[in-house]
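Below is one structure, written out as structure tokens; comments come after it.
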Amino acid sequence: MSLTYDDVIAKYEPVLGLEVHVELNTASKMFCACSTIFGGEPNTQTCPVCLGMPGALPVVNEKAIESSILIGLALNCSITPFSRFSRKNYFYPDMPKNFQISQYDEPICVNGYLDVEIDTDEGVKKFRVEIERVHMEEDTGKSLHVGGATGRIHGADYSLLDYNRAGIPLVEIVTKIVPGTGRYAPEVAKAYVAALRDILQSLGVSDVRMEQGSLRCDANVSLRLIGAEKLGTRSETKNVNSLRSIERAVRGEMIRHAELLNKGERVVQETRHFQEDTGLTRSGRSKEQAEDYRYFPEPDLVPVAPDAAWIEKLRASLPEHPSIRRKRLQDAWGVPDKEMAAMLNADALDLVEATVNLGADPTRARGWWLGEISRIANEKFCAISELSITPTDVAQIVALVAEGELTDKLARQVVEGVIAGEGSPQKVIDARGLKVVSDESALMAAIERAIAEQPETAEKIRNGHIPAAGALIGAVMKETKGQADAARVRELLLGHLGQPTS
Amino acid sequence: MSTLSRSDVANLARLARIDMTDEELDHLATEMDVILTAVARVQEVATADIKPTSHPIPINNVTRPDVVRPSLSPDEALSGAPAQEEGRFRVPQILGEEA
């Protein structure tokens, strides 16, 4: 019999630990000058350094250090005055050197925290997630497993390696253990990664695209009986590639652990892989035999000792904290909570802000980005930021509607045209001949024709049945190909039939 | 004084993926112990005023600007590979069926 989540939290206290890997968005790799562009043909971005050729020497990317320090500062960490790189030795073909250059006992940033808020039935709750360390390392190559079952490493006949990703700067952010979240553990884990993602995005140091793997989360979960001091055995779930999955993975592991513990069995300390389709985890390699990476200081690199003045300069350059900025914009624009959440979900905040800064009304700007533009993005399975429409275009469209040059209906066609690559809003308007028919005699002629075609409807209106006007307005709009202002058509029509117009 | 046991050597051999015979293990355990003991003498002169160092030259912060330079061509990159397929390095099976 499987346990419910309520059974689990009635008896056990979950303890979290989260490790997040972030690929930095530098132009070149961590220790060599190869490009970091995503999606290149296999092995087109490699050199003797990232291929681990004998005699090749690594040199640290200055921007990667700067980005790491910025991350540390934004997470309230101390920046260590002296840190070193170490070799993490292991045999696996994703690193051609047979070791990964990482940081071990002397990471660049230590002892920070990140406060996260979650919405609960009891109101907003705040949790502080303490950061143990932020360290620099390099990403590994990508393996393709051939033969055996569906591309998995188990049972594969052989593997193919692409080293384009090997050596891309990676920053690992490790939390201390996070106790005390109780039933909210899954939400706290998700909120932490979401808040971290927002900060990284605001710093501009990473693309933070979970689906492309530039932000990856490993979730450590253990349970202990409520009131117990000693920590339980943890499992480490990898392969968690979306915010929603983090929540599901933590919840799923809590239930799995509790079921084992209730049966008197023990939790095995191991790596588990999250399965998107089932929301369950599958056992990976067991950590029963403690891993021995034989770390030692990297002899080919000299220590990193950032100048205090440089650190202070970076600290002064930190952007506004995302949660503070959000609050500020929400208040300034008078956005209800629910709509604010929708705007964040659609990653529309920057775009709306840019549009408003160009003079557009906040409500109108938001309406376009979250309405028509989001709809088209959904159809194309892409993010709104990937469409070719810009805040400048939207601000112009909002202005044209406000000036009465476009109706909402025409404006939608302009949006569609801009996204289809037909050029600026004005170009689309000119090319498509989208113009509000404001010539009242032309409108009156169309109204007369509509009345002549539907005399019975017109009679109803004359007799005071105003709702019938819809059919005639529709006919006029159709005849003017939607280029008339429907409100004005209504006014003219009702006036013509002797009815009050407001 | 260093004490490197035979099982330490066996473990190191396993970590380094070096297959060793019993005779080799016996032999190396003794030999490596002698080497370690010799090197350990450095600790006798490492007094409190000598800072541990991982690098012989006392310099910090050797970096390069974040500028892309041309990479090898895929052909060049793969030229030393024992096996390749579809522009990728081909490596033998990583995990066996039982893993």
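Ligands are numbered from 1 in the order shown, chains are lettered A, B, ... in the order of the structure tokens, and residues start at 1 in each chain.
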
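Residues from chain A found within 6 Å of chain B are Ser28, Ala33, Cys34, Ser35, Pro42, Asn43, Thr44, Gln45, Thr46, Cys47, Val59, Val60, Asn61, Glu62, Lys63, Gly155, Asp157, Tyr158, Ser159, Leu160, Leu161, Asp162, Val302, Pro303 and Val304 of chain A, counting only C-alpha atoms.
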
If you run DSSP over the backbone, which residues in segment 202-356 of chain A end up helix (DSSP H, G or I)? Put them as a ChimeraX atom specification. /A:202-203,210-212,243-262,308-316,322-333,337-345,349-356

At a cut-off of 12 Å, using only C-alpha atoms, what residues contact Asn241 of chain A? Leave out same-chain residues fewer than 4 positions from it and give the result as a ChimeraX atom specification. /A:20-21,190,193,208-219,237,245-249,273-276,279

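Going from atom CA of Ser68 of chain A over to atom CA of Val250 of chain A, you cover 27.5 Å.
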
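Here atom CA of Thr3 of chain B is placed at a distance of 25.7 Å from atom CA of Tyr104 of chain A.
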
Residues within 9 Å of segment 332-337 of chain A, please, as a list in words. Count only C-alpha atoms; anything in the same chain fewer than 5 positions from it doesn't count. Lys327, Ala342, Asp361, Pro362 and Thr363 of chain A

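Between atom CA of Trp310 of chain A and atom CA of Ser78 of chain A lies a distance of 13.9 Å.
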
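Shortest separation to Ala411 of chain A among A:Gly359, A:Pro299, A:Gly482, A:Pro500 occurs at residue A:Gly482, atoms counted being only C-alpha atoms.
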
Determine which residues of segment 1-98 of chain B DSSP labels as strand (DSSP E) from the backbone of this structure, then write them out as number ranges by chain. B: 63-64, 84-85, 88-92

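Distances from A:Ile199, A:Asp7, A:Glu291, A:Val437 to Asn89 of chain A were compared using only C-alpha atoms, and the smallest one belongs to A:Glu291.
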
Distance query Thr30 of chain B at most 10 Å, only C-alpha atoms, self and fewer than 2 positions along chain excluded, as a list in words: Thr3, Leu4, Ser5, Arg6, Val9, Leu25, Asp26, His27, Leu28, Met32, Asp33, Val34 and Ile35 of chain B
